[in-house]
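Below: target_21.txt (compact mmCIF, C-alpha atoms)
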```
# COMPACT_ATOMS: atom_id res chain seq x y z
CA MET A 755 29.03 101.18 60.03
CA PHE A 756 27.59 101.06 56.54
CA ARG A 757 25.43 104.12 56.88
CA TRP A 758 27.90 106.52 55.23
CA LEU A 759 28.85 103.86 52.70
CA ARG A 760 25.26 103.54 51.50
CA ALA A 761 25.04 107.30 50.96
CA LEU A 762 28.34 107.34 49.09
CA VAL A 763 27.42 104.40 46.85
CA LEU A 764 24.04 105.84 45.98
CA GLY A 765 25.36 109.36 45.51
CA ASP A 766 28.24 108.19 43.36
CA SER A 767 26.24 105.86 41.19
CA PHE A 768 23.50 108.42 40.69
CA TYR A 769 26.10 111.01 39.80
CA LEU A 770 27.76 108.71 37.27
CA THR A 771 24.44 107.70 35.71
CA ALA A 772 22.43 110.87 35.81
CA PHE A 773 24.90 113.44 34.64
CA GLY A 774 24.59 112.49 30.98
CA LEU A 775 20.83 112.64 31.13
CA LEU A 776 20.17 115.48 33.50
CA THR A 777 22.87 117.97 32.81
CA PRO A 778 21.37 121.04 31.24
CA ILE A 779 24.46 121.82 29.21
CA PHE A 780 24.24 118.88 26.82
CA ALA A 781 21.59 120.01 24.31
CA LEU A 782 22.72 123.64 24.32
CA PHE A 783 26.37 122.66 24.07
CA LEU A 784 25.69 120.55 20.99
CA THR A 785 23.71 123.19 19.15
CA GLU A 786 26.28 125.89 19.95
CA ARG A 787 29.43 123.93 19.24
CA ILE A 788 28.71 121.20 16.71
CA PRO A 789 27.86 122.21 13.12
CA GLY A 790 24.58 120.71 11.93
CA ALA A 791 23.28 119.90 15.41
CA ASN A 792 19.54 120.47 15.84
CA ILE A 793 16.60 119.11 17.88
CA LEU A 794 16.51 115.85 15.94
CA THR A 795 20.23 115.09 16.22
CA VAL A 796 20.25 115.95 19.95
CA ALA A 797 17.35 113.52 20.46
CA ILE A 798 19.12 110.82 18.40
CA ALA A 799 22.25 111.25 20.57
CA GLU A 800 20.22 110.85 23.76
CA ALA A 801 18.37 107.85 22.29
CA ILE A 802 21.70 106.17 21.42
CA TYR A 803 22.85 106.54 25.04
CA LEU A 804 19.61 105.16 26.49
CA ALA A 805 19.35 102.32 23.97
CA SER A 806 22.95 101.24 24.54
CA VAL A 807 22.39 101.16 28.32
CA GLY A 808 19.13 99.23 27.88
CA LEU A 809 20.58 96.70 25.42
CA LEU A 810 23.88 96.10 27.25
CA ARG A 811 22.43 95.91 30.76
CA PRO A 812 21.31 92.23 30.48
CA PHE A 813 24.75 91.19 29.18
CA SER A 814 26.70 92.99 31.91
CA GLN A 815 24.39 91.51 34.54
CA LEU A 816 24.82 88.06 33.02
CA TYR A 817 28.61 88.48 33.05
CA ALA A 818 28.62 89.48 36.73
CA LYS A 819 26.14 86.78 37.75
CA ASN A 820 27.42 84.11 40.18
CA ASP A 821 30.66 86.06 40.61
CA GLY A 822 31.60 84.73 44.04
CA SER A 823 34.83 86.66 44.62
CA GLY A 824 33.75 89.83 42.79
CA TRP A 825 36.84 90.09 40.55
CA ARG A 826 34.97 89.89 37.26
CA THR A 827 32.61 92.64 38.39
CA GLN A 828 35.61 94.75 39.40
CA HIS A 829 37.19 94.35 35.96
CA ILE A 830 34.11 95.55 34.10
CA LEU A 831 33.79 98.37 36.64
CA TRP A 832 37.30 99.55 35.70
CA PHE A 833 36.50 99.46 31.98
CA GLY A 834 33.15 101.16 32.52
CA SER A 835 34.65 103.88 34.71
CA ALA A 836 37.37 104.55 32.14
CA PHE A 837 34.72 105.03 29.42
CA VAL A 838 32.69 107.35 31.65
CA ILE A 839 35.73 109.43 32.64
CA ILE A 840 36.89 110.02 29.06
CA THR A 841 33.41 111.01 27.83
CA PRO A 842 33.51 114.76 28.73
CA PHE A 843 37.08 114.99 27.38
CA LEU A 844 35.95 113.44 24.08
CA TYR A 845 33.12 116.00 23.86
CA LEU A 846 35.77 118.72 23.84
CA LEU A 847 37.42 117.06 20.84
CA SER A 848 34.22 116.27 18.89
CA ARG A 849 33.83 117.91 15.50
CA ASP A 850 30.55 116.62 14.09
CA MET A 851 27.47 114.69 15.15
CA ILE A 852 28.94 111.29 14.21
CA ASP A 853 31.62 111.87 16.87
CA VAL A 854 28.90 112.72 19.39
CA TYR A 855 26.92 109.54 18.53
CA VAL A 856 30.03 107.39 19.09
CA ILE A 857 30.77 109.19 22.39
CA GLN A 858 27.20 108.61 23.55
CA LEU A 859 27.56 104.92 22.69
CA LEU A 860 30.80 104.74 24.72
CA TYR A 861 29.12 106.51 27.61
CA GLY A 862 26.20 104.04 27.53
CA ILE A 863 28.65 101.10 27.50
CA GLY A 864 30.48 102.64 30.48
CA ILE A 865 27.32 103.07 32.54
CA ALA A 866 26.10 99.54 31.70
CA PHE A 867 29.48 98.15 32.82
CA CYS A 868 29.45 100.11 36.11
CA GLU A 869 25.97 98.96 37.16
CA PRO A 870 26.74 95.38 38.35
CA ALA A 871 29.35 96.73 40.80
CA TRP A 872 26.85 99.24 42.15
CA SER A 873 24.22 96.49 42.59
CA ARG A 874 26.76 94.31 44.38
CA LEU A 875 27.78 97.07 46.80
CA MET A 876 24.13 97.91 47.46
CA ASP A 877 23.43 94.26 48.12
CA LYS A 878 26.26 94.14 50.65
CA THR A 879 25.46 97.40 52.42
CA CYS A 880 21.69 97.42 52.70
CA SER A 881 18.71 95.22 52.11
CA LEU A 882 16.94 96.20 48.89
CA ASP A 883 13.72 94.84 50.35
CA ASN A 884 13.75 97.70 52.81
CA ASP A 885 12.14 100.41 50.67
CA ASP A 886 12.34 103.08 53.38
CA VAL A 887 16.15 103.02 53.36
CA LEU A 888 16.25 103.11 49.58
CA ASP A 889 13.73 105.98 49.39
CA ARG A 890 15.69 108.01 51.91
CA TYR A 891 18.99 107.61 50.10
CA SER A 892 17.52 108.11 46.64
CA SER A 893 16.08 111.42 47.88
CA LEU A 894 19.55 112.34 49.12
CA SER A 895 21.16 111.48 45.79
CA THR A 896 18.46 113.42 43.88
CA LEU A 897 19.26 116.48 46.00
CA LEU A 898 22.94 115.95 45.25
CA ALA A 899 22.18 115.84 41.52
CA ALA A 900 20.12 119.04 41.86
CA GLY A 901 23.03 120.83 43.51
CA LEU A 902 25.45 119.60 40.86
CA ALA A 903 23.12 120.66 38.03
CA LEU A 904 23.00 124.15 39.53
CA VAL A 905 26.79 124.32 39.90
CA GLY A 906 27.17 123.03 36.33
CA GLY A 907 24.81 125.69 34.96
CA PHE A 908 26.62 128.42 36.89
CA VAL A 909 30.04 127.34 35.64
CA ALA A 910 28.81 127.11 32.02
CA ASP A 911 27.11 130.50 32.26
CA GLN A 912 30.13 132.25 33.75
CA GLN A 913 33.07 130.45 32.13
CA GLY A 914 31.63 128.77 29.00
CA PRO A 915 30.90 125.16 27.99
CA ALA A 916 34.58 124.14 27.80
CA ALA A 917 35.12 125.02 31.47
CA LEU A 918 32.01 123.03 32.36
CA LEU A 919 33.26 119.98 30.48
CA ILE A 920 36.59 120.17 32.30
CA TYR A 921 34.69 120.48 35.59
CA LEU A 922 32.55 117.47 34.58
CA ASP A 923 35.63 115.46 33.68
CA VAL A 924 37.36 116.17 36.99
CA THR A 925 34.30 115.51 39.16
CA THR A 926 33.34 112.36 37.24
CA ALA A 927 36.91 111.08 37.60
CA ILE A 928 36.83 111.73 41.37
CA ALA A 929 33.42 110.01 41.67
CA ALA A 930 34.54 107.01 39.60
CA LEU A 931 37.82 106.62 41.50
CA MET A 932 35.99 106.86 44.82
CA PHE A 933 33.51 104.25 43.64
CA ALA A 934 36.31 101.93 42.47
CA ALA A 935 38.07 102.35 45.84
CA LEU A 936 34.84 101.58 47.70
CA TYR A 937 34.34 98.47 45.60
CA TRP A 938 37.94 97.35 46.16
CA ARG A 939 37.54 97.82 49.94
CA PHE A 940 34.03 96.42 50.45
CA GLY A 941 32.96 94.62 47.27
CA LEU A 942 35.52 91.81 46.99
CA ALA A 943 33.87 89.39 49.37
CA PRO A 944 30.89 87.05 48.96
CA THR A 945 27.46 88.70 49.01
CA ARG A 946 24.26 87.28 50.46
CA HIS A 947 23.25 86.04 46.99
CA SER A 948 26.63 84.63 45.95
CA PRO A 949 26.80 80.82 45.51
CA ALA A 950 29.10 80.15 48.54
CA ILE A 951 26.88 82.01 51.00
CA ARG A 952 23.74 80.52 49.45
CA ARG A 953 25.17 77.01 49.94
CA GLU A 954 26.02 77.85 53.58
CA ASN A 955 22.50 79.12 54.23
CA THR A 956 21.02 76.01 52.65
CA ALA A 957 23.30 73.83 54.79
CA ASP A 958 22.18 75.72 57.94
CA VAL A 959 18.55 75.12 57.05
CA THR A 960 19.10 71.41 56.41
CA VAL A 961 21.01 70.99 59.72
CA MET B 1451 3.17 88.05 35.79
CA ASN B 1452 -0.35 88.98 36.89
CA GLY B 1453 -2.70 91.45 35.23
CA LYS B 1454 -2.32 94.06 37.95
CA LEU B 1455 1.45 94.11 37.55
CA LYS B 1456 1.12 94.42 33.77
CA SER B 1457 -1.20 97.42 34.22
CA LEU B 1458 1.25 98.97 36.69
CA LEU B 1459 4.14 98.54 34.27
CA ALA B 1460 2.00 100.07 31.51
CA VAL B 1461 1.28 103.13 33.72
CA ASP B 1462 4.98 103.61 34.43
CA LEU B 1463 6.02 103.18 30.80
CA LEU B 1464 3.31 105.55 29.54
CA VAL B 1465 3.94 108.32 32.07
CA THR B 1466 7.73 108.11 31.79
CA SER B 1467 7.56 108.02 27.99
CA SER B 1468 5.26 111.04 28.05
CA TYR B 1469 7.88 113.05 29.94
CA GLY B 1470 10.73 111.36 28.03
CA LEU B 1471 9.44 112.83 24.73
CA ILE B 1472 10.67 116.29 25.71
CA LEU B 1473 13.40 115.43 28.26
CA PRO B 1474 16.47 115.64 25.95
CA ILE B 1475 15.28 118.77 24.14
CA LEU B 1476 13.80 120.65 27.09
CA PRO B 1477 16.80 123.03 27.33
CA LEU B 1478 16.40 123.91 23.63
CA PHE B 1479 12.65 124.33 24.10
CA ILE B 1480 13.18 126.74 27.02
CA VAL B 1481 15.87 128.79 25.31
CA GLU B 1482 13.95 129.02 22.00
CA ARG B 1483 10.52 129.88 23.41
CA ILE B 1484 11.18 131.92 26.54
CA ASP B 1485 12.56 135.45 26.28
CA GLY B 1486 15.68 135.98 28.36
CA ALA B 1487 16.21 132.29 29.11
CA ASN B 1488 19.85 131.25 29.20
CA LEU B 1489 22.01 128.40 30.41
CA MET B 1490 21.69 129.44 34.05
CA SER B 1491 17.88 129.52 33.94
CA VAL B 1492 17.83 126.05 32.34
CA ALA B 1493 20.08 124.77 35.13
CA ILE B 1494 17.84 126.38 37.77
CA ALA B 1495 14.76 124.77 36.14
CA GLN B 1496 16.45 121.36 36.31
CA ALA B 1497 17.53 121.89 39.93
CA VAL B 1498 14.04 123.09 40.93
CA PHE B 1499 12.54 119.93 39.43
CA LEU B 1500 14.99 117.63 41.24
CA VAL B 1501 14.59 119.36 44.61
CA SER B 1502 10.81 119.30 44.29
CA GLN B 1503 10.82 115.62 43.31
CA ALA B 1504 13.14 114.60 46.16
CA GLY B 1505 11.17 116.61 48.74
CA PHE B 1506 7.72 115.41 47.70
CA SER B 1507 8.87 111.85 47.23
CA TRP B 1508 10.07 111.87 50.84
CA ILE B 1509 6.90 113.52 52.17
CA PHE B 1510 4.56 111.26 50.21
CA SER B 1511 6.48 108.10 51.16
CA ASN B 1512 5.95 108.96 54.83
CA TYR B 1513 2.29 109.75 54.20
CA LEU B 1514 1.86 106.49 52.29
CA HIS B 1515 3.34 104.24 54.96
CA HIS B 1516 1.38 105.83 57.79
CA LYS B 1517 -1.93 103.96 57.36
CA GLN B 1518 -4.35 102.76 54.63
CA THR B 1519 -1.33 102.24 52.42
CA LYS B 1520 -3.07 100.60 49.43
CA ILE B 1521 -5.88 103.14 49.17
CA ARG B 1522 -3.41 106.01 49.43
CA ALA B 1523 -1.12 104.36 46.86
CA HIS B 1524 -3.99 103.99 44.36
CA GLY B 1525 -4.98 107.62 44.96
CA GLY B 1526 -1.37 108.74 44.60
CA LEU B 1527 -1.04 106.91 41.30
CA ILE B 1528 -4.07 108.72 39.87
CA VAL B 1529 -3.18 112.17 41.26
CA GLY B 1530 0.46 111.82 40.17
CA SER B 1531 -0.54 110.77 36.62
CA VAL B 1532 -2.98 113.70 36.34
CA ILE B 1533 -0.34 116.23 37.46
CA VAL B 1534 2.32 114.84 35.11
CA THR B 1535 -0.24 114.91 32.26
CA LEU B 1536 -1.09 118.57 32.88
CA VAL B 1537 2.49 119.86 33.08
CA PRO B 1538 3.17 119.88 29.26
CA ALA B 1539 0.18 122.21 28.81
CA ILE B 1540 1.91 124.69 31.16
CA TYR B 1541 5.10 124.41 29.07
CA LEU B 1542 3.11 125.35 25.99
CA ILE B 1543 1.41 128.44 27.47
CA SER B 1544 4.51 129.69 29.31
CA TRP B 1545 5.77 133.09 28.27
CA ASP B 1546 8.05 133.71 31.25
CA ILE B 1547 10.76 131.65 32.91
CA THR B 1548 8.88 131.84 36.24
CA LEU B 1549 6.09 129.75 34.70
CA ILE B 1550 8.66 127.18 33.56
CA TYR B 1551 9.95 126.98 37.14
CA LEU B 1552 6.37 126.52 38.33
CA ALA B 1553 5.85 123.74 35.77
CA GLN B 1554 9.06 122.07 36.96
CA VAL B 1555 7.87 122.24 40.59
CA LEU B 1556 4.54 120.70 39.55
CA LEU B 1557 6.33 117.98 37.59
CA GLY B 1558 8.44 117.25 40.66
CA ILE B 1559 5.31 117.04 42.80
CA GLY B 1560 3.62 114.73 40.26
CA LEU B 1561 6.56 112.35 39.97
CA GLY B 1562 7.19 112.60 43.73
CA ILE B 1563 3.64 111.37 44.33
CA LEU B 1564 3.57 108.87 41.44
CA TYR B 1565 6.80 106.91 42.00
CA PRO B 1566 6.39 105.99 45.71
CA SER B 1567 2.76 104.96 44.99
CA TRP B 1568 3.86 102.93 42.00
CA ALA B 1569 6.68 101.24 43.96
CA CYS B 1570 4.32 100.43 46.82
CA LEU B 1571 1.71 98.83 44.52
CA ALA B 1572 4.37 97.00 42.48
CA LYS B 1573 5.91 95.58 45.65
CA ASP B 1574 2.49 94.48 46.79
CA SER B 1575 1.71 92.64 43.55
CA THR B 1576 5.02 90.76 43.07
CA GLU B 1577 6.27 87.75 44.94
CA THR B 1578 9.59 88.22 46.75
CA ALA B 1579 11.28 85.45 44.77
CA HIS B 1580 10.42 87.05 41.41
CA ARG B 1581 11.21 90.62 42.42
CA PRO B 1582 14.86 90.87 41.21
CA LYS B 1583 14.01 89.48 37.75
CA ILE B 1584 11.03 91.79 37.37
CA LYS B 1585 13.14 94.78 38.51
CA GLN B 1586 15.78 93.95 35.90
CA ALA B 1587 13.24 93.51 33.12
CA HIS B 1588 11.53 96.75 34.15
CA SER B 1589 14.77 98.75 34.08
CA ILE B 1590 15.64 97.40 30.62
CA PHE B 1591 12.20 98.14 29.16
CA LEU B 1592 12.20 101.58 30.78
CA SER B 1593 15.56 102.49 29.20
CA LEU B 1594 14.45 101.27 25.78
CA SER B 1595 11.09 103.04 25.95
CA MET B 1596 12.84 106.26 27.02
CA ALA B 1597 15.22 105.89 24.06
CA LEU B 1598 12.29 105.41 21.68
CA ALA B 1599 10.45 108.36 23.25
CA ALA B 1600 13.53 110.60 22.90
CA LEU B 1601 13.84 109.66 19.22
CA LEU B 1602 10.15 110.18 18.54
CA GLY B 1603 10.07 113.45 20.49
CA GLY B 1604 13.04 114.85 18.60
CA TYR B 1605 11.55 113.85 15.23
CA VAL B 1606 8.12 115.32 15.97
CA ALA B 1607 9.59 118.59 17.34
CA TYR B 1608 11.91 118.90 14.32
CA GLU B 1609 9.33 118.09 11.65
CA TYR B 1610 6.07 119.41 13.10
CA GLY B 1611 7.01 121.78 15.92
CA TYR B 1612 6.62 121.85 19.69
CA CYS B 1613 2.80 122.15 19.69
CA LEU B 1614 2.25 118.67 18.30
CA LEU B 1615 4.90 117.30 20.65
CA VAL B 1616 3.09 118.75 23.66
CA TYR B 1617 -0.25 117.37 22.41
CA MET B 1618 1.38 113.94 22.11
CA MET B 1619 2.73 114.23 25.64
CA VAL B 1620 -0.69 115.11 26.99
CA LEU B 1621 -2.31 112.27 25.02
CA ILE B 1622 0.16 109.66 26.30
CA GLY B 1623 -0.23 111.06 29.82
CA ILE B 1624 -4.02 110.70 29.53
CA CYS B 1625 -3.55 107.04 28.53
CA GLY B 1626 -1.42 106.57 31.68
CA THR B 1627 -4.10 108.23 33.81
CA ILE B 1628 -6.78 105.98 32.29
CA MET B 1629 -4.65 102.94 33.16
CA SER B 1630 -4.38 104.23 36.76
CA LEU B 1631 -8.18 104.57 36.87
CA VAL B 1632 -8.54 101.03 35.47
CA LEU B 1633 -6.31 99.79 38.31
CA TRP B 1634 -8.46 101.67 40.83
CA ALA B 1635 -11.65 100.22 39.30
CA GLY B 1636 -10.15 96.72 39.30
CA ARG B 1637 -9.36 97.06 42.98
CA ASN B 1638 -13.01 98.01 43.73
CA SER B 1639 -14.45 95.16 41.63
CA ARG B 1640 -12.28 92.59 43.43
CA LYS B 1641 -13.45 94.03 46.75
CA ARG B 1642 -17.12 93.58 45.78
CA THR B 1643 -16.59 89.94 44.83
```
As structure tokens - that is how I would like this structure written.
Amino acid sequence: MFRWLRALVLGDSFYLTAFGLLTPIFALFLTERIPGANILTVAIAEAIYLASVGLLRPFSQLYAKNDGSGWRTQHILWFGSAFVIITPFLYLLSRDMIDVYVIQLLYGIGIAFCEPAWSRLMDKTCSLDNDDVLDRYSSLSTLLAAGLALVGGFVADQQGPAALLIYLDVTTAIAALMFAALYWRFGLAPTRHSPAIRRENTADVTV
Amino acid sequence: MNGKLKSLLAVDLLVTSSYGLILPILPLFIVERIDGANLMSVAIAQAVFLVSQAGFSWIFSNYLHHKQTKIRAHGGLIVGSVIVTLVPAIYLISWDITLIYLAQVLLGIGLGILYPSWACLAKDSTETAHRPKIKQAHSIFLSLSMALAALLGGYVAYEYGYCLLVYMMVLIGICGTIMSLVLWAGRNSRKRT
């Protein structure tokens, strides 16, 4: 039953996370469109995104910890998804590198907020101890990202960076909405590691 | 955390940081240095890398779990580190986009061999109870080291040019390879005792 769900969760989460890092348009878009953008400023923008994800990850995980019903995780997923969806649109409006730095920070916050929901869905749909399953689906999501990178490059080459950003915005919105729907359908119940289930398991063992 | 796990984490951080130095500015590097390179060729290079990584990761995972898993994982760690270390040199001598595609395929092969081996050895050297905490800490440190690498890579490329950046990548990759060899040597010494 959960076979397709695993693929969707992994594909969606990888898409949401990897597009900022892997898309080939980003560096070229900045140097073409933003005055004063160069190698150093592009690298600073990427570093801001990665640092914000790395620094906020422990806090978002702490916030979603021991969330028995899953509502708190759903709320930060909504906020995170909203930040991720508006990112490509904000790129279209950016005028200088300070704007880009702020957008990268917002994008990092969005991704850090989406991650606990992804972990929760993964926990419910497949055992993370089973590396074979994880390897298989991460290969699938990498292939998905490869296909999307190619489509992105083609659109940018043929129609220009603005068309690509609109394409990014639409596809990211679809992915985020699909992910939120999946979480709403399958994520709002106790997981194997949630306190209620853990207490039940402990009670079974003691009986 | 035991010594073997620390060495494994060091290998991962070094190799990923080595590649992370050029990751955000790779499109600019390709467009500036290769004649005729455009947005489409950069996208193809990225797609080639991802397809190669996914394919080889799958193949090597199957090879790894067949038999003699630990020996194959140690070998994979060394071979993967060596390939990832050599790829920046190909970037530097490339004059045609075909060579960049070849470098991307090689990088995919290297990471496709390295990551399953690394995951196998890391799983082997952590207790099940500690695994989620170590995974979390690893992901946080990896993001921060990638951020630092991106910043450093951009600064070096901007101030001193791509040559020095590539030398730095090779040097950090060599450190990662040496750590893989140390892990291999440690495995042999424990076997003797």
Chain B residues within 7 Å of chain A, counting only C-alpha atoms: which ones, as a PDB file with C-alpha atoms, keeping the file's coordinate frame?
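Below is the file iface_13.pdb, written as the result:
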```pdb
ATOM      1  CA  PRO B1474      16.470 115.640  25.950  1.00  0.00           C
ATOM      2  CA  ILE B1475      15.280 118.770  24.140  1.00  0.00           C
ATOM      3  CA  PRO B1477      16.800 123.030  27.330  1.00  0.00           C
ATOM      4  CA  LEU B1478      16.400 123.910  23.630  1.00  0.00           C
ATOM      5  CA  LEU B1489      22.010 128.400  30.410  1.00  0.00           C
ATOM      6  CA  MET B1490      21.690 129.440  34.050  1.00  0.00           C
ATOM      7  CA  VAL B1492      17.830 126.050  32.340  1.00  0.00           C
ATOM      8  CA  ALA B1493      20.080 124.770  35.130  1.00  0.00           C
ATOM      9  CA  ILE B1494      17.840 126.380  37.770  1.00  0.00           C
ATOM     10  CA  GLN B1496      16.450 121.360  36.310  1.00  0.00           C
ATOM     11  CA  ALA B1497      17.530 121.890  39.930  1.00  0.00           C
ATOM     12  CA  LEU B1500      14.990 117.630  41.240  1.00  0.00           C
ATOM     13  CA  VAL B1501      14.590 119.360  44.610  1.00  0.00           C
ATOM     14  CA  ALA B1504      13.140 114.600  46.160  1.00  0.00           C
ATOM     15  CA  TRP B1508      10.070 111.870  50.840  1.00  0.00           C
ATOM     16  CA  ILE B1590      15.640  97.400  30.620  1.00  0.00           C
ATOM     17  CA  SER B1593      15.560 102.490  29.200  1.00  0.00           C
ATOM     18  CA  LEU B1594      14.450 101.270  25.780  1.00  0.00           C
ATOM     19  CA  MET B1596      12.840 106.260  27.020  1.00  0.00           C
ATOM     20  CA  ALA B1597      15.220 105.890  24.060  1.00  0.00           C
ATOM     21  CA  LEU B1598      12.290 105.410  21.680  1.00  0.00           C
ATOM     22  CA  ALA B1600      13.530 110.600  22.900  1.00  0.00           C
ATOM     23  CA  LEU B1601      13.840 109.660  19.220  1.00  0.00           C
ATOM     24  CA  GLY B1604      13.040 114.850  18.600  1.00  0.00           C
ATOM     25  CA  TYR B1605      11.550 113.850  15.230  1.00  0.00           C
ATOM     26  CA  TYR B1608      11.910 118.900  14.320  1.00  0.00           C
TER      27      TYR B1608
END
```
| query | What separation in Å, quoted to one decimal, exists between CA of Asp923 (chain A) and CA of Ala871 (chain A)? | reply | 21.0 Å
| field | Best match for closeness to Ala1599 (chain B) among B:Gln1518, B:Leu1459, B:Gln1586, B:Leu1615, counting only C-alpha atoms | value | B:Leu1615
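Between CA of Leu1527 (chain B) and CA of Ala1579 (chain B) the interatomic distance comes to 25.0 Å.
Across the model, the gap from CA of Leu1633 (chain B) to CA of Ile1533 (chain B) is 17.5 Å.
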Near Met1619 (chain B), counting all atoms listed in the file, which residues have an atom at most 8 Å away, once you skip same-chain residues fewer than 3 positions from it, shown as a PDB file with C-alpha atoms, in the frame of the given file?
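Listed below is the output, out-v6.pdb:
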```
ATOM      1  CA  SER B1468       5.260 111.040  28.050  1.00  0.00           C
ATOM      2  CA  TYR B1469       7.880 113.050  29.940  1.00  0.00           C
ATOM      3  CA  LEU B1471       9.440 112.830  24.730  1.00  0.00           C
ATOM      4  CA  THR B1535      -0.240 114.910  32.260  1.00  0.00           C
ATOM      5  CA  PRO B1538       3.170 119.880  29.260  1.00  0.00           C
ATOM      6  CA  LEU B1615       4.900 117.300  20.650  1.00  0.00           C
ATOM      7  CA  VAL B1616       3.090 118.750  23.660  1.00  0.00           C
ATOM      8  CA  ILE B1622       0.160 109.660  26.300  1.00  0.00           C
ATOM      9  CA  GLY B1623      -0.230 111.060  29.820  1.00  0.00           C
TER      10      GLY B1623
END
```
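Surrounding residues of (-0.6, 91.9, 35.1) at most 12 Å away are B:Met1451, B:Asn1452, B:Gly1453, B:Lys1454, B:Leu1455, B:Lys1456, B:Ser1457, B:Leu1458, B:Leu1459, B:Ala1460, B:Val1461, B:Leu1571, B:Ala1572, B:Ser1575, B:Thr1576, B:Ile1584, B:Met1629, B:Leu1633, B:Gly1636 (based on all atoms listed in the file).
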| For Leu1552 (chain B), the nearest of the candidates B:Tyr1610, B:Phe1499, B:Trp1634, B:Phe1479, counting all atoms listed in the file | B:Phe1499
| said: Would you pick out the contacts of Leu860 (chain A) at 10 Å or less, using only C-alpha atoms, so that residues sharing its chain but fewer than 2 positions from it are not included, and give the list as a PyMOL selection string? | reply: chain A and resi 802-803+806-807+834+836-838+840-841+854-858+862-866
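The shell of residues at most 8 Å from Asp1485 (chain B), with all atoms listed in the file counted and near chain neighbours (fewer than 6 positions) removed, consists of Trp1545, Asp1546 and Ile1547 of chain B.
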With 5 Å added on each side, what axis-aligned box encloses every listed atom of region 1482-1487 of chain B? Give the centre and edge lengths in Å to one decimal, as AutoDock Vina command-line options.
```
--center_x 13.4 --center_y 132.5 --center_z 25.6 --size_x 15.7 --size_y 17.0 --size_z 17.1
```
